[in-house]
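File shown here: run_5.cif, holding mmCIF, C-alpha atoms and all ligand atoms.
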data_entry
#
loop_
_atom_site.label_atom_id
_atom_site.label_comp_id
_atom_site.auth_asym_id
_atom_site.auth_seq_id
_atom_site.Cartn_x
_atom_site.Cartn_y
_atom_site.Cartn_z
CA MET A 1 103.65 26.33 83.56
CA THR A 2 101.49 28.58 85.73
CA LYS A 3 102.69 28.95 89.29
CA ILE A 4 100.33 29.50 92.18
CA ALA A 5 101.33 31.04 95.49
CA VAL A 6 99.61 30.52 98.82
CA MET A 7 99.85 33.31 101.40
CA GLY A 8 99.41 31.84 104.88
CA HIS A 9 100.02 28.27 106.03
CA GLY A 10 97.41 28.01 108.77
CA VAL A 11 94.40 25.69 108.77
CA VAL A 12 93.02 26.78 105.40
CA GLY A 13 96.44 27.43 103.82
CA SER A 14 97.80 24.00 104.64
CA GLY A 15 94.51 22.47 103.50
CA THR A 16 94.77 24.29 100.18
CA VAL A 17 98.34 23.11 99.59
CA GLU A 18 97.57 19.52 100.60
CA LEU A 19 94.41 19.30 98.49
CA PHE A 20 96.18 20.87 95.51
CA LEU A 21 99.15 18.52 95.71
CA ARG A 22 96.87 15.52 96.20
CA ASN A 23 94.72 16.33 93.15
CA ARG A 24 97.14 18.35 90.99
CA ASP A 25 97.49 15.84 88.17
CA MET A 26 93.75 15.32 87.92
CA ILE A 27 93.09 19.07 88.07
CA ASN A 28 95.59 19.79 85.32
CA ARG A 29 94.38 16.92 83.16
CA LYS A 30 90.66 17.69 83.46
CA ASN A 31 91.04 21.44 83.02
CA LYS A 32 93.86 21.38 80.48
CA LEU A 33 96.01 23.46 82.79
CA ASP A 34 99.60 23.28 83.98
CA LEU A 35 99.33 24.58 87.53
CA GLU A 36 102.29 24.17 89.85
CA LEU A 37 102.89 25.20 93.45
CA GLY A 38 105.32 28.13 93.36
CA TYR A 39 105.51 29.62 96.85
CA ILE A 40 103.99 29.51 100.30
CA LEU A 41 104.35 32.77 102.20
CA ASP A 42 104.52 32.49 105.98
CA ILE A 43 106.73 34.04 108.65
CA ARG A 44 106.92 30.71 110.45
CA ASP A 45 109.18 27.77 109.56
CA PHE A 46 107.68 24.44 108.59
CA PRO A 47 110.60 21.99 108.33
CA GLY A 48 110.02 18.38 107.39
CA LEU A 49 107.07 18.85 105.07
CA PRO A 50 107.29 17.33 101.57
CA TYR A 51 106.96 20.88 100.21
CA SER A 52 109.20 22.71 102.72
CA ASP A 53 111.33 24.09 99.87
CA LYS A 54 108.38 26.20 98.69
CA PHE A 55 108.28 28.47 101.76
CA THR A 56 109.32 32.08 101.61
CA LYS A 57 109.08 34.92 104.09
CA SER A 58 109.15 37.63 101.42
CA ILE A 59 106.17 38.82 99.38
CA ASP A 60 108.69 40.09 96.82
CA ASP A 61 109.46 36.52 95.73
CA ILE A 62 105.82 36.23 94.68
CA LEU A 63 105.50 39.71 93.21
CA ASN A 64 108.69 39.46 91.16
CA ASP A 65 108.08 36.01 89.67
CA ASP A 66 106.21 36.48 86.40
CA ASP A 67 105.25 32.81 86.34
CA VAL A 68 103.06 33.37 89.43
CA LYS A 69 99.70 34.24 87.96
CA ILE A 70 97.40 33.29 90.84
CA VAL A 71 97.78 33.96 94.54
CA ALA A 72 95.60 32.44 97.26
CA GLU A 73 95.31 34.70 100.31
CA VAL A 74 94.38 32.53 103.28
CA MET A 75 96.02 34.50 106.08
CA GLY A 76 92.88 36.14 107.40
CA GLY A 77 92.52 39.59 108.96
CA LEU A 78 93.35 42.89 107.30
CA LYS A 79 96.71 43.82 108.76
CA TYR A 80 98.99 42.10 106.23
CA ALA A 81 96.41 40.57 103.90
CA TYR A 82 95.05 43.86 102.55
CA GLY A 83 98.45 45.26 101.49
CA PHE A 84 99.68 41.96 100.08
CA VAL A 85 96.50 41.37 98.08
CA LYS A 86 96.51 44.91 96.74
CA GLN A 87 100.13 44.54 95.61
CA CYS A 88 99.45 41.21 93.92
CA LEU A 89 96.50 42.67 92.00
CA GLU A 90 98.54 45.71 91.02
CA HIS A 91 101.11 43.29 89.56
CA GLY A 92 98.31 41.75 87.46
CA LYS A 93 98.15 38.56 89.52
CA SER A 94 94.66 37.22 90.23
CA VAL A 95 93.92 36.74 93.91
CA VAL A 96 91.54 34.24 95.45
CA THR A 97 90.71 34.51 99.12
CA SER A 98 88.84 32.90 101.99
CA ASN A 99 89.16 36.12 103.99
CA LYS A 100 85.66 37.38 104.85
CA GLU A 101 86.92 40.45 106.62
CA LEU A 102 88.99 41.51 103.63
CA VAL A 103 86.10 41.14 101.18
CA ALA A 104 83.52 42.72 103.50
CA GLU A 105 85.73 45.73 104.28
CA LYS A 106 87.73 46.20 101.08
CA GLY A 107 85.80 44.28 98.42
CA ALA A 108 84.73 47.22 96.27
CA GLU A 109 88.24 48.66 96.21
CA LEU A 110 89.96 45.35 95.44
CA LEU A 111 87.46 44.47 92.72
CA LYS A 112 88.21 47.85 91.13
CA THR A 113 91.97 47.26 91.40
CA ALA A 114 91.58 43.83 89.77
CA LYS A 115 89.61 45.36 86.91
CA GLU A 116 92.19 48.11 86.40
CA HIS A 117 94.93 45.51 86.10
CA GLY A 118 93.06 42.95 84.00
CA CYS A 119 93.02 40.21 86.62
CA ASN A 120 90.48 38.75 89.05
CA PHE A 121 89.65 38.96 92.72
CA LEU A 122 87.65 35.85 93.62
CA PHE A 123 86.22 34.88 97.00
CA GLU A 124 83.99 31.80 96.80
CA ALA A 125 85.65 30.52 99.99
CA SER A 126 84.78 33.63 101.96
CA THR A 127 81.14 32.64 102.44
CA GLY A 128 79.70 29.22 103.14
CA GLY A 129 83.01 27.30 103.10
CA ALA A 130 82.67 24.51 100.57
CA ILE A 131 79.19 25.59 99.47
CA PRO A 132 79.03 27.16 96.02
CA ILE A 133 77.11 30.39 96.61
CA ILE A 134 79.03 33.32 95.11
CA ARG A 135 79.10 31.87 91.60
CA PRO A 136 75.46 30.69 91.60
CA LEU A 137 74.34 34.15 92.69
CA HIS A 138 76.00 36.04 89.84
CA ARG A 139 75.83 33.32 87.20
CA CYS A 140 73.23 30.55 87.50
CA LEU A 141 70.59 32.76 89.13
CA ALA A 142 71.53 35.93 87.26
CA GLY A 143 68.29 36.01 85.27
CA ASN A 144 66.17 36.58 88.35
CA ASP A 145 65.15 39.43 90.57
CA ILE A 146 66.64 38.14 93.81
CA THR A 147 64.47 39.38 96.64
CA ALA A 148 66.10 37.86 99.70
CA VAL A 149 68.94 35.71 100.96
CA ALA A 150 68.90 34.10 104.39
CA GLY A 151 71.37 31.70 105.84
CA ILE A 152 73.11 29.96 108.64
CA LEU A 153 76.49 31.40 107.76
CA ASN A 154 78.62 30.54 110.75
CA GLY A 155 79.49 26.93 111.44
CA THR A 156 80.88 27.53 114.90
CA THR A 157 77.72 29.10 116.32
CA ASN A 158 75.51 26.55 114.60
CA PHE A 159 77.67 23.82 116.12
CA ILE A 160 77.40 25.48 119.55
CA LEU A 161 73.61 25.92 119.32
CA THR A 162 73.21 22.30 118.18
CA LYS A 163 75.31 21.03 121.10
CA MET A 164 73.33 23.23 123.51
CA ILE A 165 70.04 21.90 122.16
CA ASN A 166 70.88 18.22 121.71
CA GLU A 167 73.57 17.54 124.29
CA ASN A 168 72.84 20.13 126.98
CA MET A 169 76.37 21.54 126.64
CA GLN A 170 77.18 24.98 127.97
CA LEU A 171 78.28 27.59 125.43
CA ASP A 172 81.94 27.61 126.60
CA GLU A 173 82.24 23.84 126.44
CA ALA A 174 80.82 23.69 122.91
CA LEU A 175 83.03 26.59 121.82
CA SER A 176 86.20 24.84 123.05
CA LEU A 177 85.22 21.77 121.07
CA ALA A 178 84.60 23.90 117.94
CA GLN A 179 88.05 25.47 118.38
CA ARG A 180 89.71 22.07 118.74
CA LEU A 181 88.03 20.98 115.51
CA GLY A 182 89.39 24.05 113.68
CA TYR A 183 86.01 25.68 112.98
CA ALA A 184 86.29 28.81 115.10
CA GLU A 185 88.01 32.08 114.22
CA LYS A 186 91.31 32.90 115.96
CA ASP A 187 89.33 35.25 118.14
CA PRO A 188 86.06 33.38 118.75
CA THR A 189 84.31 36.65 119.61
CA ALA A 190 83.91 37.10 115.86
CA ASP A 191 81.87 33.90 115.78
CA ILE A 192 79.73 34.20 118.89
CA GLU A 193 79.05 37.94 118.56
CA GLY A 194 77.94 37.45 114.96
CA HIS A 195 80.74 39.48 113.29
CA ASP A 196 81.80 36.58 111.07
CA ALA A 197 78.23 35.99 109.85
CA CYS A 198 77.85 39.75 109.42
CA ARG A 199 80.86 39.90 107.09
CA LYS A 200 79.37 37.07 105.05
CA ILE A 201 75.92 38.66 104.73
CA CYS A 202 77.68 41.88 103.69
CA ILE A 203 79.44 40.00 100.89
CA LEU A 204 76.22 38.34 99.71
CA SER A 205 74.27 41.62 99.96
CA SER A 206 76.91 43.53 98.01
CA LEU A 207 76.98 40.92 95.29
CA VAL A 208 73.21 40.61 94.96
CA PHE A 209 72.35 44.30 95.17
CA GLY A 210 75.43 45.69 93.46
CA ARG A 211 76.52 48.18 96.13
CA HIS A 212 79.07 47.66 98.86
CA VAL A 213 77.39 46.95 102.19
CA TYR A 214 79.87 47.64 104.99
CA PRO A 215 79.63 45.66 108.26
CA LYS A 216 79.31 48.87 110.32
CA TRP A 217 75.92 49.49 108.62
CA VAL A 218 74.44 46.12 109.51
CA TYR A 219 72.55 45.34 112.71
CA CYS A 220 74.44 42.44 114.26
CA GLU A 221 73.53 40.41 117.33
CA GLY A 222 75.30 37.20 118.34
CA ILE A 223 74.28 34.15 120.38
CA THR A 224 75.63 35.06 123.82
CA LYS A 225 72.20 35.91 125.23
CA ILE A 226 70.55 32.69 124.06
CA THR A 227 69.49 30.51 126.99
CA ALA A 228 68.37 26.91 127.32
CA GLU A 229 64.90 28.26 128.24
CA ASP A 230 64.56 30.15 124.95
CA VAL A 231 65.69 27.07 123.04
CA ARG A 232 62.99 25.00 124.78
CA TYR A 233 60.29 27.57 123.96
CA ALA A 234 61.36 27.53 120.31
CA ASP A 235 60.94 23.77 120.32
CA ALA A 236 57.51 24.04 121.98
CA TRP A 237 56.50 26.68 119.38
CA GLY A 238 57.50 24.33 116.55
CA GLY A 239 60.91 25.56 115.45
CA ALA A 240 64.52 26.09 116.42
CA VAL A 241 66.74 29.00 117.40
CA LYS A 242 69.34 29.68 114.71
CA LEU A 243 71.80 32.49 114.10
CA ILE A 244 70.57 33.90 110.80
CA GLY A 245 72.22 36.34 108.44
CA PHE A 246 69.71 37.71 106.00
CA VAL A 247 69.10 40.49 103.55
CA LYS A 248 65.85 41.38 101.85
CA LYS A 249 64.77 43.89 99.29
CA LEU A 250 62.03 46.22 100.47
CA PRO A 251 59.22 47.69 98.33
CA ASP A 252 60.80 51.18 98.44
CA GLY A 253 64.05 49.84 96.96
CA LYS A 254 66.03 49.87 100.20
CA ILE A 255 67.55 46.69 101.54
CA LEU A 256 67.47 45.26 105.05
CA PRO A 257 70.58 43.25 106.00
CA GLU A 258 70.82 41.85 109.54
CA VAL A 259 72.48 39.16 111.63
CA ARG A 260 70.63 37.94 114.68
CA PRO A 261 69.32 34.83 116.39
CA ALA A 262 65.89 33.91 115.10
CA PHE A 263 63.04 31.54 115.80
CA VAL A 264 62.93 29.51 112.58
CA CYS A 265 59.78 27.46 112.05
CA ARG A 266 59.97 23.82 111.01
CA ALA A 267 58.42 24.66 107.63
CA ASN A 268 61.71 26.39 106.81
CA GLN A 269 64.54 24.00 105.98
CA LEU A 270 67.05 26.24 107.72
CA SER A 271 65.62 24.98 111.02
CA TYR A 272 67.01 21.51 110.28
CA ILE A 273 70.58 22.57 109.58
CA ASP A 274 72.70 21.36 112.45
CA ASP A 275 76.28 21.03 113.62
CA VAL A 276 78.97 22.83 111.62
CA PHE A 277 76.87 22.82 108.47
CA ASN A 278 75.77 26.02 106.76
CA GLY A 279 72.61 26.50 104.76
CA ILE A 280 71.68 29.42 102.55
CA MET A 281 68.21 30.05 101.11
CA VAL A 282 67.94 32.35 98.12
CA TYR A 283 64.58 33.78 97.06
CA GLY A 284 63.90 35.08 93.55
CA ASP A 285 61.09 35.66 91.10
CA GLY A 286 61.89 32.90 88.61
CA PHE A 287 62.92 30.05 90.86
CA ASP A 288 60.94 30.82 94.04
CA GLN A 289 63.56 29.49 96.42
CA VAL A 290 66.72 27.41 96.27
CA MET A 291 68.77 26.13 99.12
CA PHE A 292 72.53 25.64 99.31
CA TYR A 293 73.82 23.31 101.99
CA GLY A 294 77.17 21.94 103.08
CA ARG A 295 80.22 22.31 105.28
CA GLY A 296 80.72 25.98 105.98
CA ALA A 297 83.99 25.78 107.89
CA GLY A 298 87.06 23.64 108.39
CA LYS A 299 90.35 22.92 106.68
CA PHE A 300 89.43 20.96 103.56
CA PRO A 301 85.90 22.28 102.95
CA THR A 302 87.30 25.83 102.79
CA ALA A 303 90.34 24.67 100.81
CA SER A 304 87.93 23.11 98.32
CA ALA A 305 86.43 26.51 97.53
CA VAL A 306 89.86 28.20 97.40
CA LEU A 307 91.05 25.61 94.94
CA GLY A 308 87.90 25.98 92.83
CA ASP A 309 88.66 29.67 92.52
CA ILE A 310 92.31 29.01 91.66
CA ILE A 311 91.23 26.75 88.80
CA ASP A 312 88.64 29.27 87.64
CA ALA A 313 91.16 32.10 87.77
CA ALA A 314 93.55 30.04 85.69
CA LYS A 315 90.89 29.55 83.03
CA MET A 316 89.59 33.13 82.93
CA LYS A 317 90.96 35.25 80.13
CA SER A 318 89.76 38.60 81.51
CA THR A 319 88.21 40.22 84.58
CA SER A 320 84.78 38.87 85.51
CA VAL A 321 82.08 41.39 84.63
CA SER A 322 79.42 39.86 86.87
CA GLN A 323 81.29 39.08 90.08
CA THR A 324 81.59 42.67 91.16
CA TRP A 325 79.89 45.65 92.78
CA GLU A 326 80.30 49.39 93.16
CA ASP A 327 81.42 51.21 96.26
CA SER A 328 78.77 53.04 98.33
CA ALA A 329 79.26 56.57 99.59
CA ASP A 330 76.68 56.23 102.36
CA ASN A 331 74.13 53.86 103.85
CA SER A 332 70.97 55.65 102.67
CA PHE A 333 69.93 52.47 100.80
CA ILE A 334 69.90 50.44 104.01
CA GLU A 335 66.79 50.28 106.19
CA ASP A 336 67.07 50.90 109.93
CA HIS A 337 66.21 47.53 111.49
CA LEU A 338 64.04 49.25 114.11
CA ASP A 339 61.72 50.46 111.35
CA ALA A 340 61.22 46.99 109.89
CA GLU A 341 58.08 45.07 110.83
CA ILE A 342 58.73 41.77 112.56
CA SER A 343 57.18 39.37 115.04
CA MET A 344 59.18 38.77 118.19
CA TYR A 345 59.33 35.96 120.70
CA VAL A 346 59.45 37.44 124.20
CA ARG A 347 60.01 35.77 127.57
CA MET A 348 59.23 37.83 130.67
CA ASP A 349 58.76 37.52 134.37
CA GLY A 350 56.93 39.83 136.75
CA ALA A 351 54.40 40.95 134.10
CA LYS A 352 50.66 40.20 134.01
CA ARG A 353 49.20 38.13 131.19
CA GLU A 354 46.17 40.43 130.87
CA ASP A 355 48.41 43.51 130.52
CA ILE A 356 50.47 41.82 127.82
CA GLU A 357 47.27 40.76 126.08
CA SER A 358 45.85 44.26 125.99
CA ILE A 359 49.13 46.02 125.13
CA PHE A 360 50.04 43.65 122.30
CA ASN A 361 46.51 42.91 121.11
CA THR A 362 46.35 39.16 120.43
CA PRO A 363 49.87 37.91 121.15
CA GLU A 364 50.34 34.14 120.80
CA PHE A 365 51.11 32.81 124.29
CA LEU A 366 53.51 29.87 124.48
CA SER A 367 53.75 27.18 127.09
CA CYS A 368 56.70 25.00 127.91
CA GLU A 369 57.11 22.13 130.36
CA ASN A 370 58.65 23.00 133.73
CA ALA A 371 58.60 26.76 133.10
CA PRO A 372 58.59 28.84 136.32
CA GLU A 373 55.11 30.01 137.36
CA ASN A 374 55.76 33.74 137.04
CA GLU A 375 57.26 33.39 133.55
CA ILE A 376 55.27 34.34 130.45
CA ALA A 377 56.38 33.72 126.88
CA PHE A 378 54.62 34.93 123.76
CA ILE A 379 55.01 35.85 120.11
CA THR A 380 54.02 39.43 119.30
CA PRO A 381 51.94 40.34 116.26
CA LYS A 382 53.95 41.82 113.39
CA MET A 383 54.89 45.45 113.97
CA GLN A 384 57.89 47.77 113.86
CA GLU A 385 60.64 46.59 116.16
CA ARG A 386 60.82 49.99 117.84
CA LEU A 387 57.11 49.69 118.65
CA ILE A 388 57.65 46.24 120.15
CA ASP A 389 60.34 47.73 122.39
CA GLU A 390 58.05 50.60 123.42
CA LYS A 391 55.23 48.19 124.25
CA LEU A 392 57.54 45.92 126.24
CA GLY A 393 58.42 48.95 128.33
CA GLU A 394 54.70 49.36 129.14
CA CYS A 395 54.25 45.74 130.25
CA GLY A 396 56.19 46.05 133.52
CA GLY A 397 58.34 43.11 134.62
CA ASN A 398 61.64 41.98 133.14
CA VAL A 399 62.37 40.90 129.62
CA LEU A 400 64.36 37.66 129.95
CA GLY A 401 64.54 36.84 126.26
CA ARG A 402 63.59 38.50 122.96
CA ILE A 403 64.27 36.82 119.63
CA MET A 404 63.03 37.75 116.18
CA VAL A 405 60.78 35.32 114.34
CA LEU A 406 62.17 34.72 110.83
CA ASP A 407 59.66 35.65 108.15
CA LEU A 408 60.85 36.29 104.61
N1 LIG B 501 84.59 30.61 111.99
C1 LIG B 501 83.92 30.42 110.75
C2 LIG B 501 82.70 29.54 110.98
C3 LIG B 501 84.86 29.81 109.78
O1 LIG B 501 82.62 28.93 112.04
O2 LIG B 501 81.84 29.46 110.14
C4 LIG B 501 84.36 29.81 108.37
O3 LIG B 501 84.17 31.10 107.89
#
Represent the structure contained in this file as C-alpha cells.
Ligand code: HSE
Amino acid sequence: MTKIAVMGHGVVGSGTVELFLRNRDMINRKNKLDLELGYILDIRDFPGLPYSDKFTKSIDDILNDDDVKIVAEVMGGLKYAYGFVKQCLEHGKSVVTSNKELVAEKGAELLKTAKEHGCNFLFEASTGGAIPIIRPLHRCLAGNDITAVAGILNGTTNFILTKMINENMQLDEALSLAQRLGYAEKDPTADIEGHDACRKICILSSLVFGRHVYPKWVYCEGITKITAEDVRYADAWGGAVKLIGFVKKLPDGKILPEVRPAFVCRANQLSYIDDVFNGIMVYGDGFDQVMFYGRGAGKFPTASAVLGDIIDAAKMKSTSVSQTWEDSADNSFIEDHLDAEISMYVRMDGAKREDIESIFNTPEFLSCENAPENEIAFITPKMQERLIDEKLGECGGNVLGRIMVLDL
C-alpha cells in the first residue's frame, strides 16, 4: 500500500480528497497501483466527514510514516507550505502542488531538493487548473524550439472581463460572484492585479527556457484600469480585451515575459475564451501553434490536475529529468518591456487628431458608437514602448486608456 497525504483541506484540498475517494478503485485498477488516503493536514477540525479520522494537525505524522510516499500540498501561500514541502522532499517523499506562488518563488530550489533526495516535485495543477500544460511542454512538445507561450491564465479576471463585456457588470460585482463560485484567490488582489497570472507565466517561462524566472523580474499589469469604453473600442476594432500572460524568445537570446491586458484580434483564438476558462497558445518550430483550453480554476478542475500528478508520482521510479530548470543569479536574460516593440491602443481626450497623426505617423484611428466628441482612440504603429510613452507626452491632452495589442 502507498499512502498519500493531503496538506490543506480548503477548496482544492477537499476536492482532491473527494475526487480521489470517488475514483480510487478505478485509479488503482487502471494504473496497477495501491494508493490509499493516509492523512489530511489542517489546523481546523472537520467533524462529520466520512474521512474525518484521517485528519492530523501535525506534519510529523506525515514525515514519520514511511508508507506515505506522496504528499499533495494544496494549502497555498509560502508561509507554511514552503517549509512543509521542503521537509517532505528531504524525507524522500514526492510532493505535488497546486501552489503557484510556491513554484514561482521557490521552484528551482525545490526541484533541486527533490533531485537530491530521489523524489519528484510536480506542479501540473499550478498553471491552467485542469488543463494539461506542464507535461506537454516538457514531454510532447520537447522536440521543438518553443518560441512563445501566451495565455489567459487567470480564470477570475477572465470571468470578470466576460461579465463586464456581456452583462454590463461592474468589476466589484463580477468579482464577488467569482469569489462565491470559488475561483478567486483568498486575497483577490492577486487576481485583479495580475500577480496570479504572473506566477503562472513565470512557471511556464522557467520550464520552457530552463532558467528560473522570478515574478519580481516580470512586468505585471492587472485589469483594474480597464473601462467599458476600452472594451467597446476593442470590439469596434475587431477583437477583445483579455488579460494575457506571455513570454517570447527574442532574436538576441533574451526572453520577454509579461502580464498585461491586451487587445486580442479575432484571428487569435484566445479572443474567444470566455468566463472562467483558460486558454494557452504555444508556438514552436515543428508544430506552428497548439492551443490548450479548459477550466483553469475551481475545486474539481484543480483537483483533477493534483490527482493526475499523484498518480504520475506513484508510477515514477526516479526524479524527472525534463520537468526541471536551473536557478538564475540575475535577470540579464530578461528584456526590459519598455525596449520591446509593440503597437498600443490609446484613448485620449483634449488632444488634436492632426497632432496625433503627425507625431505617430500613420496611426490607425478607431471609431465607436456614442463616443464623446473630444475623445480620440487609435492604434499606434509598432515601436518601442518607451517611445510610445514619449510621443504620448508630446500629444497634449489626457491619456484615458492605453492597452498593448497582442502580436506574437
Ligand atoms: N484565482 C485563480 C484563477 C485560481 O482565478 O485562475 C486558479 O489558479
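Between atom CA of Val399 of chain A and atom CA of Ala234 of chain A there is a distance of 16.3 Å.
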When the cut-off is 9 Å and you count only C-alpha atoms and all ligand atoms, which residues lie near ligand LIG 501 (chain B), shown as a ChimeraX atom specification? /A:98-100,125-129,152-159,178-179,182-186,188,190-191,196-197,200,276-278,295-298,302
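Near segment 338-348 of chain A, within a cut-off of 6 Å and counting all atoms listed in the file, sit the residues Glu375, Ile376, Ala377, Phe378, Ile379, Thr380, Pro381, Lys382, Met383, Gln384, Glu385, Arg386, Asn398, Val399, Leu400, Gly401, Arg402, Ile403, Met404 and Val405 of chain A, with same-chain residues fewer than 5 positions away left out.
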Skip Ser332 of chain A itself and residues of its chain fewer than 5 positions away, then list as a PyMOL selection string all residues within 10 Å of it, counting all atoms listed in the file. chain A and resi 217+254-255
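The protein and nucleic acid residues lying at most 10 Å from Ser304 of chain A are Val12, Gly15, Thr16, Leu19, Phe20, Glu124, Ala125, Gly129, Ala130, Ile131, Lys299, Phe300, Pro301, Leu307, Gly308, Asp309 and Ile310 of chain A, with all atoms listed in the file considered and sequence neighbours fewer than 3 positions away removed.
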Any idea what the distance is between atom CA of Met7 of chain A and atom CA of Thr113 of chain A?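 Between atom CA of Met7 of chain A and atom CA of Thr113 of chain A the gap is 18.9 Å.
Here atom CA of Gly210 of chain A is placed at a distance of 22.0 Å from atom CA of Val85 of chain A.
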Rank nothing, just name the residue among A:Leu122, A:Cys265, A:Ile40, A:Leu406 nearest to Val247 of chain A, using all atoms listed in the file. A:Leu406
Ranking A:Thr97, A:Ser14, A:Gln289, A:Thr2 by minimum distance to Lys32 of chain A and counting all atoms listed in the file, which one comes first? A:Thr2
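The nearest approach to Lys115 of chain A among the residues A:Asn331, A:Ser94, A:Asn144, A:Ser176, with only C-alpha atoms taken into account, belongs to A:Ser94.
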Might you pull out every residue within 9 Å of Leu408 of chain A, with all atoms listed in the file counted and same-chain residues fewer than 4 positions away left off, and present them as a list in words?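 Contacts, in chain order: Ala148, Val149, Ala150, Lys248 and Tyr283 of chain A.
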Counting all atoms listed in the file, which residues of segment 166-217 of chain A fall within 7 Å of segment 104-107 of chain A, and what is the closest atom pair for each with its distance in Å at one decimal, ordered by chain and rising number, as a Markdown table?
| residue | atom | partner | partner_atom | distance |
| --- | --- | --- | --- | --- |
| A:Arg199 | CA | A:Ala104 | CA | 5.3 |
| A:Cys202 | CA | A:Ala104 | CA | 5.9 |
| A:Ile203 | CA | A:Ala104 | CA | 5.6 |
| A:Tyr214 | CA | A:Glu105 | CA | 6.2 |
| A:Pro215 | CA | A:Ala104 | CA | 6.8 |
Just to be explicit: take each residue in the selection above, keep C-alpha atoms, and write the result as a PDB file, in the coordinates of the input.
ATOM      1  CA  ARG A 199      80.860  39.900 107.090  1.00  0.00           C
ATOM      2  CA  CYS A 202      77.680  41.880 103.690  1.00  0.00           C
ATOM      3  CA  ILE A 203      79.440  40.000 100.890  1.00  0.00           C
ATOM      4  CA  TYR A 214      79.870  47.640 104.990  1.00  0.00           C
ATOM      5  CA  PRO A 215      79.630  45.660 108.260  1.00  0.00           C
TER       6      PRO A 215
END
Which residue out of A:Gly13, A:Gly92, A:Gly48, A:Gly294 has the minimum interatomic distance to Phe121 of chain A when all atoms listed in the file are used?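 Nearest to Phe121 of chain A: A:Gly92.
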